[in-house]
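Data block for structure34.tsv (TSV, C-alpha atoms):
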chain	number	residue	atom	x	y	z
A	1	MET	CA	0.00	0.00	0.00
A	2	ALA	CA	1.26	3.46	-0.84
A	3	ASP	CA	2.22	5.69	2.04
A	4	PRO	CA	-0.89	7.78	2.87
A	5	ARG	CA	1.42	10.73	3.44
A	6	ASP	CA	2.13	10.82	-0.31
A	7	PHE	CA	-1.41	12.08	-0.94
A	8	ILE	CA	-2.97	15.39	-0.01
A	9	PHE	CA	-6.30	13.58	-0.04
A	10	ASN	CA	-7.13	9.94	-0.53
A	11	SER	CA	-10.70	8.68	-0.53
A	12	ASN	CA	-9.63	5.69	1.54
A	13	TYR	CA	-9.25	7.93	4.56
A	14	GLN	CA	-11.43	10.23	6.59
A	15	LEU	CA	-10.38	13.84	7.08
A	16	ASP	CA	-11.25	16.64	9.47
A	17	LYS	CA	-14.63	18.15	8.64
A	18	ILE	CA	-15.74	21.57	9.82
A	19	VAL	CA	-19.25	21.45	11.22
A	20	GLY	CA	-19.44	24.84	12.83
A	21	TYR	CA	-17.86	28.23	13.25
A	22	LYS	CA	-18.16	30.74	16.07
A	23	THR	CA	-16.66	34.19	16.21
A	24	ASP	CA	-17.41	37.02	18.60
A	25	THR	CA	-15.88	39.98	20.37
A	26	ILE	CA	-15.58	40.40	24.12
A	27	THR	CA	-14.73	43.55	26.03
A	28	ALA	CA	-12.54	42.50	28.95
A	29	THR	CA	-12.55	45.17	31.61
A	30	ALA	CA	-9.45	45.77	33.70
A	31	GLY	CA	-8.85	43.01	36.22
A	32	VAL	CA	-11.69	40.78	35.02
A	33	ASN	CA	-11.51	36.99	35.27
A	34	THR	CA	-14.78	35.42	34.23
A	35	SER	CA	-16.51	33.37	31.55
A	36	VAL	CA	-19.43	33.55	29.18
A	37	THR	CA	-21.38	30.67	27.65
A	38	VAL	CA	-22.37	31.09	24.01
A	39	THR	CA	-24.52	28.96	21.76
A	40	THR	CA	-23.31	27.39	18.53
A	41	ASN	CA	-25.01	25.73	15.57
A	42	VAL	CA	-24.65	22.25	17.11
A	43	THR	CA	-26.42	20.55	20.00
A	44	GLU	CA	-23.73	18.22	21.29
A	45	THR	CA	-19.99	18.35	21.83
A	46	THR	CA	-17.62	18.46	18.88
A	47	PHE	CA	-13.88	18.73	18.58
A	48	TYR	CA	-12.76	22.30	18.15
A	49	ASP	CA	-9.78	24.54	17.53
A	50	GLY	CA	-9.33	28.27	17.36
A	51	TYR	CA	-7.48	31.43	18.16
A	52	PHE	CA	-7.96	34.96	19.44
A	53	SER	CA	-6.46	38.39	19.03
A	54	VAL	CA	-6.48	41.45	21.27
A	55	ASP	CA	-7.26	45.07	20.34
A	56	GLY	CA	-7.12	44.30	16.63
A	57	SER	CA	-3.51	43.19	16.80
A	58	SER	CA	-2.14	41.03	13.99
A	59	ILE	CA	-0.80	38.70	16.69
A	60	ASN	CA	-2.87	35.52	16.79
A	61	VAL	CA	-2.86	33.45	19.94
A	62	PRO	CA	-4.18	29.87	20.14
A	63	LEU	CA	-7.08	29.03	22.44
A	64	GLY	CA	-5.81	28.48	25.95
A	65	GLY	CA	-3.01	30.94	25.39
A	66	LYS	CA	-2.18	34.35	26.72
A	67	TYR	CA	-1.34	37.63	25.03
A	68	ASN	CA	1.17	39.93	26.63
A	69	VAL	CA	-0.05	43.51	26.21
A	70	SER	CA	3.54	44.53	25.47
A	71	GLY	CA	3.29	42.59	22.20
A	72	THR	CA	6.28	40.38	22.99
A	73	PRO	CA	6.46	36.64	23.73
A	74	ASP	CA	6.99	37.35	27.40
A	75	PRO	CA	5.15	35.30	30.07
A	76	PHE	CA	5.60	37.95	32.70
A	77	GLY	CA	3.90	41.31	32.88
A	78	ASN	CA	0.31	42.10	32.04
A	79	THR	CA	-1.57	39.58	29.97
A	80	VAL	CA	-4.96	38.88	28.44
A	81	GLY	CA	-6.03	35.27	28.07
A	82	LEU	CA	-8.87	33.27	26.61
A	83	SER	CA	-9.71	29.59	26.74
A	84	CYS	CA	-12.82	27.48	26.31
A	85	TYR	CA	-14.46	24.15	26.74
A	86	MET	CA	-17.52	22.67	25.12
A	87	ASN	CA	-20.66	21.66	26.96
A	88	SER	CA	-22.79	18.60	26.21
A	89	SER	CA	-25.53	20.93	24.91
A	90	GLY	CA	-23.19	22.18	22.16
A	91	SER	CA	-22.59	25.54	23.79
A	92	LEU	CA	-19.11	26.90	24.40
A	93	THR	CA	-18.00	28.27	27.74
A	94	VAL	CA	-15.42	30.92	26.93
A	95	GLY	CA	-13.25	31.94	29.86
A	96	TYR	CA	-11.22	35.12	29.69
A	97	TYR	CA	-9.23	37.39	31.92
A	98	ASN	CA	-7.38	40.68	31.78
A	99	ASN	CA	-4.82	41.45	34.47
A	100	ASP	CA	-3.82	44.70	32.83
A	101	GLY	CA	-4.99	48.05	34.21
A	102	SER	CA	-6.82	48.95	31.01
A	103	PRO	CA	-9.75	47.33	29.21
A	104	HIS	CA	-9.00	45.23	26.15
A	105	THR	CA	-11.10	43.90	23.29
A	106	ILE	CA	-10.77	40.20	22.53
A	107	THR	CA	-11.87	38.77	19.20
A	108	TYR	CA	-12.03	35.01	19.06
A	109	CYS	CA	-12.70	32.50	16.31
A	110	ILE	CA	-13.50	28.87	17.04
A	111	TYR	CA	-13.92	26.12	14.46
A	112	LEU	CA	-16.03	23.10	15.34
A	113	ILE	CA	-14.71	19.83	13.92
A	114	ALA	CA	-16.65	16.57	13.74
A	115	LYS	CA	-15.67	14.04	16.39
A	116	PRO	CA	-16.04	10.25	16.06
A	117	ASN	CA	-19.66	9.12	16.00
A	118	GLN	CA	-20.86	12.69	15.61
A	119	SER	CA	-24.63	12.73	15.26
A	120	ALA	CA	-26.32	13.94	12.10
A	121	LEU	CA	-26.39	17.71	11.98
A	122	ALA	CA	-27.29	20.57	9.70
A	123	PRO	CA	-24.10	21.66	7.93
A	124	ILE	CA	-23.08	25.27	7.98
A	125	ASN	CA	-23.20	27.23	4.76
A	126	PRO	CA	-19.59	27.49	3.61
A	127	SER	CA	-20.70	30.67	1.73
A	128	THR	CA	-17.21	31.63	0.62
A	129	GLY	CA	-13.96	29.80	0.20
A	130	PHE	CA	-13.56	26.18	-0.74
A	131	ALA	CA	-14.85	22.94	0.75
A	132	PHE	CA	-11.70	21.39	-0.63
A	133	ASN	CA	-8.64	23.00	-2.21
A	134	SER	CA	-5.84	20.98	-3.73
A	135	ASN	CA	-3.33	23.70	-2.81
A	136	TYR	CA	-3.42	22.31	0.70
A	137	ASN	CA	-2.74	19.04	2.40
A	138	TYR	CA	-5.32	17.31	4.58
A	139	TYR	CA	-4.91	15.31	7.73
A	140	LYS	CA	-5.78	11.71	6.92
A	141	ILE	CA	-7.34	10.03	9.95
A	142	TYR	CA	-5.70	6.83	11.16
A	143	GLN	CA	-7.31	6.19	14.55
A	144	ASP	CA	-10.46	7.84	15.85
A	145	SER	CA	-11.79	6.59	19.14
A	146	SER	CA	-12.02	7.12	22.88
A	147	THR	CA	-11.01	5.38	26.06
A	148	SER	CA	-11.84	5.66	29.74
A	149	VAL	CA	-9.27	6.56	32.39
A	150	THR	CA	-9.69	6.46	36.16
A	151	LEU	CA	-7.83	9.14	38.06
A	152	PRO	CA	-7.05	8.21	41.67
A	153	SER	CA	-8.06	10.56	44.46
A	154	ALA	CA	-5.57	13.25	45.47
A	155	THR	CA	-4.78	14.95	48.76
A	156	THR	CA	-3.99	18.63	49.24
A	157	VAL	CA	-1.38	19.84	48.29
A	158	GLY	CA	-0.55	17.31	45.61
A	159	PHE	CA	-1.92	15.51	42.61
A	160	SER	CA	-2.64	12.07	41.22
A	161	THR	CA	-1.99	11.03	37.67
A	162	ALA	CA	-3.00	8.36	35.16
A	163	THR	CA	-2.05	7.84	31.52
A	164	ALA	CA	-3.93	6.51	28.52
A	165	THR	CA	-1.41	4.81	26.23
A	166	ILE	CA	-2.65	4.32	22.68
A	167	ALA	CA	-0.47	2.17	20.43
A	168	HIS	CA	-0.26	3.42	16.85
A	169	ASN	CA	2.84	1.51	15.68
A	170	LEU	CA	3.30	3.82	12.69
A	171	GLY	CA	7.06	3.95	13.12
A	172	TYR	CA	7.01	7.74	13.28
A	173	PRO	CA	5.35	10.26	15.62
A	174	PRO	CA	2.07	11.20	13.91
A	175	ALA	CA	0.02	14.37	14.14
A	176	TYR	CA	-2.91	14.01	16.54
A	177	ARG	CA	-5.73	15.70	18.39
A	178	CYS	CA	-6.82	14.73	21.88
A	179	PHE	CA	-9.75	15.88	23.98
A	180	VAL	CA	-10.72	15.18	27.56
A	181	GLU	CA	-14.36	14.77	28.64
A	182	TYR	CA	-15.53	15.00	32.23
A	183	ASN	CA	-18.67	16.24	33.93
A	184	ASN	CA	-20.40	16.93	30.57
A	185	LYS	CA	-17.52	19.13	29.39
A	186	LEU	CA	-15.11	18.50	26.53
A	187	VAL	CA	-11.76	20.28	26.51
A	188	GLN	CA	-8.61	20.12	24.39
A	189	SER	CA	-5.66	18.24	25.81
A	190	ASP	CA	-3.05	20.48	27.39
A	191	ALA	CA	-5.82	22.82	28.44
A	192	ALA	CA	-7.45	22.61	31.86
A	193	LEU	CA	-10.90	22.02	33.30
A	194	THR	CA	-10.09	24.37	36.14
A	195	ALA	CA	-13.33	23.97	38.11
A	196	ASP	CA	-12.91	20.20	37.98
A	197	SER	CA	-9.18	20.34	38.83
A	198	ILE	CA	-8.23	18.30	35.75
A	199	VAL	CA	-5.16	19.01	33.63
A	200	SER	CA	-3.83	16.89	30.80
A	201	THR	CA	-0.92	16.69	28.43
A	202	ALA	CA	-0.40	14.61	25.29
A	203	MET	CA	2.85	13.21	23.95
A	204	SER	CA	3.86	10.84	21.17
A	205	ASP	CA	6.76	8.76	19.94
A	206	ASN	CA	7.27	6.26	17.11
A	207	THR	CA	5.02	3.69	18.77
A	208	ASN	CA	2.50	5.25	21.11
A	209	LEU	CA	0.38	8.25	21.87
A	210	TYR	CA	0.27	9.11	25.56
A	211	VAL	CA	-2.42	11.24	27.17
A	212	GLN	CA	-1.48	11.90	30.76
A	213	LEU	CA	-4.13	13.23	33.13
A	214	PHE	CA	-3.62	14.99	36.44
A	215	ASN	CA	-6.09	15.29	39.30
A	216	GLU	CA	-4.89	18.53	40.87
A	217	ALA	CA	-5.49	18.97	44.60
A	218	LEU	CA	-4.10	22.47	44.85
A	219	VAL	CA	-6.68	23.90	47.25
A	220	SER	CA	-8.78	20.92	48.37
A	221	ASN	CA	-8.78	17.13	48.37
A	222	GLN	CA	-10.01	15.60	45.12
A	223	ALA	CA	-12.07	12.43	44.77
A	224	SER	CA	-11.29	9.75	42.19
A	225	LYS	CA	-12.60	10.68	38.74
A	226	VAL	CA	-13.46	8.70	35.62
A	227	VAL	CA	-12.47	10.65	32.52
A	228	THR	CA	-13.06	9.93	28.83
A	229	VAL	CA	-10.13	10.58	26.52
A	230	TYR	CA	-10.86	11.13	22.84
A	231	TYR	CA	-7.93	10.57	20.54
A	232	ARG	CA	-7.51	11.05	16.81
A	233	THR	CA	-4.20	10.15	15.22
A	234	TYR	CA	-3.35	10.91	11.62
A	235	TYR	CA	-1.16	9.31	9.02
A	236	ASP	CA	0.35	12.75	8.52
A	237	SER	CA	3.60	13.55	10.20
B	1	MET	CA	-31.04	18.56	5.53
B	2	THR	CA	-28.74	16.90	7.97
B	3	VAL	CA	-25.48	15.07	7.39
B	4	SER	CA	-23.70	12.45	9.49
B	5	PRO	CA	-20.17	13.84	9.24
B	6	MET	CA	-18.16	10.68	9.73
B	7	GLN	CA	-20.31	8.67	7.35
B	8	PHE	CA	-18.36	10.20	4.47
B	9	GLN	CA	-14.66	10.38	3.74
B	10	PHE	CA	-15.40	13.77	2.23
B	11	ASN	CA	-18.59	15.74	1.80
B	12	PHE	CA	-18.91	19.05	-0.01
B	13	ASN	CA	-21.32	20.32	2.64
B	14	LEU	CA	-18.63	19.89	5.28
B	15	PRO	CA	-15.56	22.00	4.48
B	16	ALA	CA	-12.31	20.13	4.99
B	17	LEU	CA	-9.57	21.60	7.12
B	18	GLY	CA	-6.50	21.92	4.90
B	19	TYR	CA	-2.98	22.64	6.04
B	20	VAL	CA	0.54	23.44	4.94
B	21	GLU	CA	3.33	21.83	6.91
B	22	TYR	CA	6.66	23.27	7.90
B	23	ASP	CA	9.40	21.13	9.38
B	24	THR	CA	11.33	24.01	10.77
B	25	SER	CA	14.78	24.68	12.08
B	26	THR	CA	15.90	23.36	15.42
B	27	TYR	CA	17.11	25.34	18.39
B	28	SER	CA	19.42	24.45	21.25
B	29	VAL	CA	19.45	26.57	24.35
B	30	GLY	CA	22.69	25.01	25.58
B	31	ALA	CA	23.44	23.62	29.00
B	32	ARG	CA	22.50	26.10	31.71
B	33	THR	CA	22.78	26.38	35.46
B	34	VAL	CA	19.73	28.09	36.92
B	35	ALA	CA	19.97	29.53	40.40
B	36	SER	CA	17.39	28.88	43.10
B	37	GLY	CA	14.26	30.96	42.58
B	38	SER	CA	15.45	32.05	39.17
B	39	TYR	CA	15.04	31.31	35.49
B	40	TYR	CA	16.89	31.60	32.20
B	41	THR	CA	15.43	33.46	29.23
B	42	SER	CA	16.61	32.82	25.68
B	43	PRO	CA	16.81	35.60	23.09
B	44	VAL	CA	13.70	35.91	20.90
B	45	GLN	CA	13.87	33.33	18.11
B	46	THR	CA	12.05	33.63	14.79
B	47	ILE	CA	10.74	31.09	12.29
B	48	SER	CA	9.56	32.52	8.96
B	49	PHE	CA	6.78	31.11	6.79
B	50	ASP	CA	5.65	31.72	3.24
B	51	ASN	CA	2.18	32.66	4.37
B	52	ASN	CA	0.44	33.74	7.51
B	53	SER	CA	-2.19	31.64	9.22
B	54	ASN	CA	-4.49	32.16	12.14
B	55	LEU	CA	-4.95	28.53	12.99
B	56	SER	CA	-2.07	26.22	13.72
B	57	ASN	CA	-1.11	22.92	15.24
B	58	ILE	CA	2.44	23.17	16.50
B	59	MET	CA	4.41	20.27	17.91
B	60	VAL	CA	7.87	20.23	19.43
B	61	GLN	CA	10.28	17.48	20.34
B	62	LEU	CA	12.62	17.97	23.28
B	63	SER	CA	15.49	15.88	21.99
B	64	GLY	CA	18.05	15.25	24.70
B	65	LEU	CA	15.41	15.19	27.42
B	66	ASP	CA	12.74	12.52	26.97
B	67	GLY	CA	12.59	12.92	23.18
B	68	LEU	CA	8.78	12.88	22.99
B	69	TRP	CA	6.74	15.07	20.66
B	70	ARG	CA	4.25	17.42	22.28
B	71	PRO	CA	1.59	19.83	21.06
B	72	LEU	CA	2.66	23.36	21.86
B	73	TYR	CA	0.19	25.85	23.20
B	74	ASN	CA	1.70	29.25	23.68
B	75	TRP	CA	1.66	29.12	27.45
B	76	GLY	CA	2.60	26.37	29.82
B	77	GLY	CA	5.50	24.03	30.18
B	78	TRP	CA	6.82	20.67	31.13
B	79	VAL	CA	8.47	19.91	34.44
B	80	PHE	CA	11.34	17.42	34.53
B	81	ASP	CA	12.71	15.54	37.50
B	82	ASN	CA	16.24	15.08	38.73
B	83	SER	CA	16.87	12.42	36.06
B	84	ASN	CA	15.61	14.63	33.21
B	85	ASN	CA	12.45	12.53	32.89
B	86	PHE	CA	9.08	14.18	32.32
B	87	TYR	CA	7.45	14.70	35.69
B	88	HIS	CA	4.45	16.97	35.38
B	89	TYR	CA	2.66	19.36	33.07
B	90	ASN	CA	2.02	22.81	34.40
B	91	ARG	CA	0.47	26.05	33.33
B	92	PHE	CA	3.60	27.91	34.26
B	93	GLY	CA	5.14	27.33	37.60
B	94	THR	CA	2.56	25.87	39.97
B	95	ILE	CA	4.30	22.70	41.08
B	96	THR	CA	7.27	22.82	43.42
B	97	ASN	CA	8.23	19.49	44.86
B	98	GLY	CA	11.39	17.82	45.98
B	99	ASN	CA	11.26	15.47	43.00
B	100	THR	CA	11.13	18.24	40.44
B	101	ALA	CA	14.18	19.92	38.99
B	102	PHE	CA	13.35	22.34	36.20
B	103	SER	CA	10.73	23.18	33.62
B	104	VAL	CA	10.97	23.98	29.94
B	105	ASN	CA	8.52	26.66	28.83
B	106	ILE	CA	8.17	27.93	25.28
B	107	VAL	CA	6.19	31.14	24.85
B	108	TRP	CA	5.27	32.00	21.28
B	109	PHE	CA	2.86	33.67	18.90
B	110	ILE	CA	2.40	34.04	15.16
B	111	GLN	CA	2.54	37.47	13.52
B	112	ASP	CA	3.22	38.66	9.98
B	113	ASN	CA	4.30	35.29	8.56
B	114	GLN	CA	6.60	34.66	11.48
B	115	LEU	CA	6.55	32.55	14.58
B	116	LYS	CA	8.35	34.32	17.41
B	117	TYR	CA	9.29	32.41	20.52
B	118	VAL	CA	11.28	32.55	23.72
B	119	VAL	CA	12.43	29.59	25.80
B	120	TYR	CA	12.30	29.85	29.58
B	121	LEU	CA	14.14	27.41	31.84
B	122	ILE	CA	12.78	27.70	35.36
B	123	ASN	CA	14.26	26.29	38.55
B	124	GLU	CA	11.30	24.39	39.99
B	125	LYS	CA	12.91	23.24	43.21
B	126	ASN	CA	11.53	24.62	46.43
B	127	VAL	CA	14.86	24.41	48.19
B	128	ALA	CA	17.79	26.76	47.95
B	129	VAL	CA	19.85	24.96	45.35
B	130	SER	CA	20.63	25.62	41.73
B	131	VAL	CA	19.76	23.11	39.01
B	132	ASN	CA	21.73	22.06	35.97
B	133	VAL	CA	19.64	21.96	32.81
B	134	PRO	CA	21.30	19.75	30.20
B	135	ASP	CA	21.75	20.75	26.59
B	136	PHE	CA	18.72	19.72	24.57
B	137	THR	CA	17.36	20.50	21.12
B	138	ILE	CA	13.89	21.76	20.29
B	139	ASN	CA	12.69	20.31	16.99
B	140	TRP	CA	9.69	22.07	15.48
B	141	ARG	CA	6.84	20.75	13.37
B	142	VAL	CA	4.30	23.38	12.35
B	143	TYR	CA	0.98	22.80	10.58
B	144	LEU	CA	-0.66	26.01	9.41
B	145	PHE	CA	-4.32	25.41	8.72
B	146	ARG	CA	-6.29	27.01	5.92
B	147	PRO	CA	-9.92	26.81	7.01
B	148	PRO	CA	-12.53	28.17	4.59
B	149	THR	CA	-13.78	31.59	5.60

Output the file's structure as structure tokens, nothing else.
Amino acid sequence: MADPRDFIFNSNYQLDKIVGYKTDTITATAGVNTSVTVTTNVTETTFYDGYFSVDGSSINVPLGGKYNVSGTPDPFGNTVGLSCYMNSSGSLTVGYYNNDGSPHTITYCIYLIAKPNQSALAPINPSTGFAFNSNYNYYKIYQDSSTSVTLPSATTVGFSTATATIAHNLGYPPAYRCFVEYNNKLVQSDAALTADSIVSTAMSDNTNLYVQLFNEALVSNQASKVVTVYYRTYYDS
Amino acid sequence: MTVSPMQFQFNFNLPALGYVEYDTSTYSVGARTVASGSYYTSPVQTISFDNNSNLSNIMVQLSGLDGLWRPLYNWGGWVFDNSNNFYHYNRFGTITNGNTAFSVNIVWFIQDNQLKYVVYLINEKNVAVSVNVPDFTINWRVYLFRPPT
């Protein structure tokens, strides 16, 4: 069989499909740290990805990131941040903060991407642009599934951890997307479900994909939790 | 009309998420000794692209540490223990434990066809000792997405 990576698209393989799109502007007053829940065109969780910018800057920051108001890649000083998770109803809870002394305008854009076993839905109108463009490459899906992980309880101040190890055996570290689901919320790996004290990180090598979960007992003891890990690996590398 | 997205390999009603890939240059910070309660900051590094993109999937490999590939959000880092093995993920400096040694944090953003980044090496020990961070190489893999607008 030919190497799937030799094709930009091959009808033998699934690819990422955009099922929704959400963009909006938030005015973040000085010192604010809060969230807003917004509806989307879907009624259940999907995968997602996105970015935001601040005050019309040409600097684009990924979801879960922070923007330093100085316009430099500096983690210290005054920052504006935005992150989100998806609720089982299909709404997005968008958390944002501004620890600068001045208000800032945040513009975010979030793409909704079909997850495995996504229910039938009304597609968005692509209106402009292309549904497919051969100038680009396309992730070709290799594995698309989920697994359950039990996080042990954790005592303040500490954490417990558990890892989902998914064998891919591709012989190279593939591209991937991972999401963590708990308490009717779906969040990207390497982002946090802060209210549920869950953090995750994903890693890969030539053989496996690892999604490590942490039950963070920073301020109070945490009970054992059962978490669903969605993983999608691609032939692309 | 409704569509079951994963019933089709491709469906014109469901725009596909295309990308352009860049296997970019590597960067080595060099071996560093970081004093207690302190951190090292690299100079700003730049990776140039042919085109700008708002949406990206960026992965890095820390070769010389545990060698694994990781997705790179622009904030947060990885804590390593005294044997240079991955110990914990953090959102920038929340874990201080006797087992930890240092964290690698890469802060970045994309602007004007360039990815700009700075590497921070932070002493994560909660005792008054310095830590030796070994030389390691950051290998970059950048996917710039081209979603329909």

Inset, instruction - Find the residues around Ala35 (chain B) up to 10 Å (all atoms listed in the file counted), leave out those fewer than 6 positions away in its own chain, and share them as a VMD selection string. - result: chain B and resid 122 to 123 125 128 to 132

Inset, instruction - Between A:Ser89, A:Asn208, A:Ser119, A:Thr201, single out the one closest to Thr37 (chain A), counting only C-alpha atoms. - result: A:Ser89

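Across the structure, CA of Val180 (chain A) and CA of Asn206 (chain A) are spaced 22.6 Å apart.
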
Inset, instruction - Please measure the separation of CA of Lys140 (chain A) and CA of Cys84 (chain A), giving the value in Å to one decimal. - result: 26.0 Å

Legend entry - chain A residues near chain B (7 Å cut-off, only C-alpha atoms) as a ChimeraX atom specification: /A:11,13-19,50-51,58-62,65-66,73-75,114,116-123,126,128-132,136-138,201-205

Create the file for the chosen residues now, containing C-alpha atoms and written as a compact mmCIF listing (two decimals), keeping the file's coordinate frame.
# COMPACT_ATOMS: atom_id res chain seq x y z
CA SER A 11 -10.70 8.68 -0.53
CA TYR A 13 -9.25 7.93 4.56
CA GLN A 14 -11.43 10.23 6.59
CA LEU A 15 -10.38 13.84 7.08
CA ASP A 16 -11.25 16.64 9.47
CA LYS A 17 -14.63 18.15 8.64
CA ILE A 18 -15.74 21.57 9.82
CA VAL A 19 -19.25 21.45 11.22
CA GLY A 50 -9.33 28.27 17.36
CA TYR A 51 -7.48 31.43 18.16
CA SER A 58 -2.14 41.03 13.99
CA ILE A 59 -0.80 38.70 16.69
CA ASN A 60 -2.87 35.52 16.79
CA VAL A 61 -2.86 33.45 19.94
CA PRO A 62 -4.18 29.87 20.14
CA GLY A 65 -3.01 30.94 25.39
CA LYS A 66 -2.18 34.35 26.72
CA PRO A 73 6.46 36.64 23.73
CA ASP A 74 6.99 37.35 27.40
CA PRO A 75 5.15 35.30 30.07
CA ALA A 114 -16.65 16.57 13.74
CA PRO A 116 -16.04 10.25 16.06
CA ASN A 117 -19.66 9.12 16.00
CA GLN A 118 -20.86 12.69 15.61
CA SER A 119 -24.63 12.73 15.26
CA ALA A 120 -26.32 13.94 12.10
CA LEU A 121 -26.39 17.71 11.98
CA ALA A 122 -27.29 20.57 9.70
CA PRO A 123 -24.10 21.66 7.93
CA PRO A 126 -19.59 27.49 3.61
CA THR A 128 -17.21 31.63 0.62
CA GLY A 129 -13.96 29.80 0.20
CA PHE A 130 -13.56 26.18 -0.74
CA ALA A 131 -14.85 22.94 0.75
CA PHE A 132 -11.70 21.39 -0.63
CA TYR A 136 -3.42 22.31 0.70
CA ASN A 137 -2.74 19.04 2.40
CA TYR A 138 -5.32 17.31 4.58
CA THR A 201 -0.92 16.69 28.43
CA ALA A 202 -0.40 14.61 25.29
CA MET A 203 2.85 13.21 23.95
CA SER A 204 3.86 10.84 21.17
CA ASP A 205 6.76 8.76 19.94

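Proximity to Gly37 (chain B) was assessed for B:Pro134, B:Trp140, B:Asn126, B:Ser103 counting all atoms listed in the file; the smallest distance is recorded for B:Asn126.
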
Legend entry - d(CA of Val42 (chain A), CA of Gln143 (chain A)) in Å: 23.8 Å

Legend entry - Long-range neighbours of Asp50 (chain B) as a PyMOL selection string, 9 Å cut-off, only C-alpha atoms, 2 positions minimum in chain: chain B and resi 48+52+113-114

Hey, can you spit out that residue selection with C-alpha atoms as a PDB file, in the frame of the given file?
ATOM      1  CA  SER B  48       9.560  32.520   8.960  1.00  0.00           C
ATOM      2  CA  ASN B  52       0.440  33.740   7.510  1.00  0.00           C
ATOM      3  CA  ASN B 113       4.300  35.290   8.560  1.00  0.00           C
ATOM      4  CA  GLN B 114       6.600  34.660  11.480  1.00  0.00           C
TER       5      GLN B 114
END
